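The next block holds one structure in the form of structure tokens; read it before the comments.
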Amino acid sequence: MAKVEQVSGIFDTILVLDFGSQYSHLITRRLREFNIYAEMLPCTQKISELSWKPKGVILSGGPYSVYAEDAPHVDHAVFDLNVPILGICYGMQELAWINGKQVARGEKREYGPATLNVLDKADALFNGVDHSIVWMSHGDKLNGLPTGFKTIATSDNSPYCGIAHESKPIYGIQFHPEVTHSTLGKTLLKNFAVDICKTEQNWTMENFIDTEIKRIRELVGPTAEVIGAVSGGVDSTVASKLMTEAIGDRFHAILVDNGVLRLNEAENVKKTLVEGLGINLTVVDAADEFLSNLKGVTDPEKKRKIIGNTFIHVFEREAEKIKPKDGQEIQYLLQGTLYPDVIESISFKGPSQTIKTHHNVGGLLENMKLKLIEPLRELFKDEVRHLGELLGISHELVWRHPFPGPGIAIRVLGEVTKKQVEIARKADYIYIEEIRKAGLYDKIAQAFACLLPVKSVGVMGDQRTYEQVIALRAIETTDFMTADWYPFEHAFLKKVASRIVNEVDGVARVTYDITSKPPATVEWE
Ligand code: XMP
């Protein structure tokens with residue numbers, strides 16, 4: 001098979017070795033904002049196992065003490081790469097530990113802002129950042145200079161705020177330049193990557209499209225076929241469009257209508273993907289099968305499992321029916337995995353418990369004897385959106401709110417029946433339509449309607465009604481880990497409530513969810 005280079009072997013790359021700080025991924029993020037490709041790997045990465053050579057290495061912060069018995073340490077071969085190294089917080093303490101063990105517990109933790117005082121104004125690392133505010137978050141500190149190093153910056157509480165090797169481009173800083181509280185931290189990271197490591201700033205989605213299409217073609221070869229599920233969301237659409245650009249109709253997209261999609265969703269996705277983007281798509285109507293498997297089930301996790309398993313079953317069955325021309329076999333399964341999922345799964349602490357079950361395509365891969373192809377695995381969400389726009393995908397689709405795999409099944413609380421799904425769907429449609437009309441859609445991270453399993457008394461005309469309740473949710477968030485509810489104008493809520501009660505049979509009352517996450521989750525189930 002053709003040799004397929006990784007992105008890190010094609011673009012100049014800064015290697016970020018992660019020691020477990022909650023901020024580590026931000027280092028990668030910041031560098032990419034300057035069109036510098038950066039890749040994060042666990043701090044335990046064996047340097048000899050890298051198939052590419054980084055232009056520079058950053059050792060991240062971390063929650064450990066370098067002198068503790070079980071502390072993680074960097075592979076010393078990193079120094080034989082002879083590329084610039086920057087240690088941040090724990091990363092700096094690691095450098096000090098390796099070069100003379102000058103690390104000890106501080107009398108008190110230093111947490112919060114400090115003013116940077118640069119001593120060596122000629123040093124490229126601090127170019128343009130003198131006297132800026134830097135963010136400290138450490139319990140251990142250097143209690144002396146490591147062998148061969150000099151001090152290049154101080155702060156009121158940190159006499160070794162910045163250190164540099166006397167003769168090699170090895171640096172340590174006590175603060176976190178990757179967090180926005182460090183006002184010029186981004187500049188410092190750019191100084192390191194561009195001026196010290198001489199990294200080319202060519203990481204753009206325009207460049208990525210070309211290299212990625214080439215990479216997909218090399219990987220798949222001239223005849224093999226690829227299959228993939230699409231949902232109508234941005235990730236699967238961008239991944240599918242990229243595959244279509246690379247191998248045309250040898251990519252087969254399947255949309256499984258599971259009966260719990262949004263109103264008119266299957267038809268709309270078909271129109272967009274087939275007519276708009278030229279993707280070779282098959283739509284499978286499996287609504288009855290899903291709803292029949294969900295009969296009588298009220299537990300949210302059981303709903304998720306049933307939907308996941310039914311999906312695998314339906315997908316495999318449909319894949320069987322796709323008979324590529326020339327007797328070729330389908331060999332690959334496309335998955336729209338993004339970089340944050342990759343980061344989460346390669347942590348040296350082991351995969352996090354929070355990886356959602358919908359990312360697990362293991363069943364399909366094993367049963368169908370397929371190999372995985374993940375063209376978006378190096379990209380953050382905003383990069384995927386940018387890529388989508390460059391590939392000609394509409395703004396509306398590219399900026400669509402996320403929609404969970406189990407769909408409306410986890411927004412119909414209690415048992416999922418066709419009738420209940422219909423009610424939730426219509427209410428959701430009206431709500432989103434009003435949000436769009438009010439010009440609020442792009443200001444909200446996610447909005448949806450839930451159908452509650454309670455009945456409530458109402459009065460319509462002269463009639464007493466006894467019908468169900470719709471709860472509306474809208475959140476503001478950047479990472480979906482924490483979220484706040486969106487402060488709609490009262491007039492807006494009034495209009496939506498009135499439309500839903502008047503236009504959707506079976507609803508007597510509408511409420512608005514004003515709970516943040518935590519303690520609540522985004523979804524109700
Ligand atoms: P929670 O409810 O966990 O939601 O605060 C955070 C984000 O994840 C989405 N979500 C899911 N997505 N399958 C998915 O594909 C699921 O089972 C699932 N549960 C929650 C949710 O919509 C929100 O964007």
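Residues in the structure tokens are named by chain (A, B, ... in the order shown) and by number from 1 within that chain; ligands are numbered from 1 in the order shown.
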
Contact check, chain A to ligand 1, at most 8 Å, counting only C-alpha atoms and all ligand atoms, closest pairs as JSON lines:
```
{"residue": "A:Arg304", "atom": "CA", "partner": "ligand 1", "partner_atom_place_in_ligand_line": "17 (O)", "distance": 6.0}
{"residue": "A:Lys356", "atom": "CA", "partner": "ligand 1", "partner_atom_place_in_ligand_line": "13 (N)", "distance": 6.7}
{"residue": "A:Thr357", "atom": "CA", "partner": "ligand 1", "partner_atom_place_in_ligand_line": "17 (O)", "distance": 6.9}
{"residue": "A:His358", "atom": "CA", "partner": "ligand 1", "partner_atom_place_in_ligand_line": "13 (N)", "distance": 5.6}
{"residue": "A:His359", "atom": "CA", "partner": "ligand 1", "partner_atom_place_in_ligand_line": "15 (O)", "distance": 7.8}
{"residue": "A:His401", "atom": "CA", "partner": "ligand 1", "partner_atom_place_in_ligand_line": "24 (O)", "distance": 8.0}
{"residue": "A:Pro402", "atom": "CA", "partner": "ligand 1", "partner_atom_place_in_ligand_line": "24 (O)", "distance": 5.4}
{"residue": "A:Phe403", "atom": "CA", "partner": "ligand 1", "partner_atom_place_in_ligand_line": "22 (O)", "distance": 5.4}
{"residue": "A:Pro404", "atom": "CA", "partner": "ligand 1", "partner_atom_place_in_ligand_line": "12 (N)", "distance": 3.5}
{"residue": "A:Gly405", "atom": "CA", "partner": "ligand 1", "partner_atom_place_in_ligand_line": "15 (O)", "distance": 3.8}
{"residue": "A:Pro406", "atom": "CA", "partner": "ligand 1", "partner_atom_place_in_ligand_line": "17 (O)", "distance": 5.7}
{"residue": "A:Gly407", "atom": "CA", "partner": "ligand 1", "partner_atom_place_in_ligand_line": "13 (N)", "distance": 7.7}
{"residue": "A:Ile410", "atom": "CA", "partner": "ligand 1", "partner_atom_place_in_ligand_line": "17 (O)", "distance": 7.9}
{"residue": "A:Gln446", "atom": "CA", "partner": "ligand 1", "partner_atom_place_in_ligand_line": "24 (O)", "distance": 6.8}
{"residue": "A:Phe480", "atom": "CA", "partner": "ligand 1", "partner_atom_place_in_ligand_line": "6 (C)", "distance": 5.2}
{"residue": "A:Met481", "atom": "CA", "partner": "ligand 1", "partner_atom_place_in_ligand_line": "5 (O)", "distance": 6.7}
{"residue": "A:Thr482", "atom": "CA", "partner": "ligand 1", "partner_atom_place_in_ligand_line": "5 (O)", "distance": 7.8}
{"residue": "A:Lys517", "atom": "CA", "partner": "ligand 1", "partner_atom_place_in_ligand_line": "5 (O)", "distance": 6.8}
{"residue": "A:Ala520", "atom": "CA", "partner": "ligand 1", "partner_atom_place_in_ligand_line": "5 (O)", "distance": 7.3}
{"residue": "A:Thr521", "atom": "CA", "partner": "ligand 1", "partner_atom_place_in_ligand_line": "5 (O)", "distance": 3.6}
{"residue": "A:Val522", "atom": "CA", "partner": "ligand 1", "partner_atom_place_in_ligand_line": "5 (O)", "distance": 3.7}
{"residue": "A:Glu523", "atom": "CA", "partner": "ligand 1", "partner_atom_place_in_ligand_line": "2 (O)", "distance": 3.7}
{"residue": "A:Trp524", "atom": "CA", "partner": "ligand 1", "partner_atom_place_in_ligand_line": "2 (O)", "distance": 6.6}
{"residue": "A:Glu525", "atom": "CA", "partner": "ligand 1", "partner_atom_place_in_ligand_line": "2 (O)", "distance": 7.0}
```

Worksheet item: Which residues, written as a PyMOL selection string, have at least one atom at most 10 Å from range 202-209 of chain A, with only C-alpha atoms counted and residues fewer than 4 positions away on the same chain left out?
Response: chain A and resi 7+10-13+31-38+213-215+242+245-246+379+383-391

Practice prompt. Would you return as number ranges by chain the members of range 245-469 of chain A that DSSP assigns to alpha helix (DSSP H) on this structure's backbone?
Written response: A: 245-247, 265-270, 287-293, 300-321, 339-345, 362-368, 381-390, 395-398, 418-437

Worksheet item: To one decimal place, how far is CA of Val74 in chain A from CA of Leu15 in chain A in Å?
Response: 12.6 Å

Practice prompt. Could you tell me how far CA of Gly439 in chain A lies from CA of Tyr512 in chain A, in Å and to one decimal?
Written response: 19.1 Å

Counting only C-alpha atoms, what are the residues of range 386-453 of chain A within 12 Å of range 279-288 of chain A, and for each of them which pair of atoms is the nearest and at what distance in Å, to one decimal? Sort the table by chain and rising number, as JSON lines.
```
{"residue": "A:Ile393", "atom": "CA", "partner": "A:Ile279", "partner_atom": "CA", "distance": 11.8}
{"residue": "A:Ala409", "atom": "CA", "partner": "A:Ala287", "partner_atom": "CA", "distance": 11.7}
{"residue": "A:Val416", "atom": "CA", "partner": "A:Asp288", "partner_atom": "CA", "distance": 11.8}
{"residue": "A:Thr417", "atom": "CA", "partner": "A:Asp288", "partner_atom": "CA", "distance": 10.2}
{"residue": "A:Lys418", "atom": "CA", "partner": "A:Asp288", "partner_atom": "CA", "distance": 8.9}
{"residue": "A:Val421", "atom": "CA", "partner": "A:Ala287", "partner_atom": "CA", "distance": 11.2}
```

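Closest to Leu188 in chain A among A:Cys450, A:Val297, A:Ile27, A:Val314 is A:Ile27, based on only C-alpha atoms.
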
Worksheet item: In Å, how far is it from CA of Lys190 in chain A to CA of Trp399 in chain A?
Response: 28.8 Å

Discussion item. Quick one: residues within 12 Å of Asn268 in chain A, only C-alpha atoms, excluding same-chain residues fewer than 4 positions away - as a ChimeraX atom specification?
Written reply: /A:231-233,255,257,261-264,272-276,283,397

Practice prompt. Please identify all polymer residues within 6 Å of range 136-144 of chain A, counting only C-alpha atoms, omitting same-chain residues fewer than 5 positions from it, and present them as a list in words.
Written response: Gln102, Val103, Ala104, Arg105, Gly106, Arg109, Glu110, Tyr111, Gly112 and Phe175 of chain A

Response to the item:
The residue from A:Leu125, A:Pro63, A:Val398, A:Glu69 with the smallest atom-to-atom distance to Gln22 in chain A, counting only C-alpha atoms, is A:Pro63
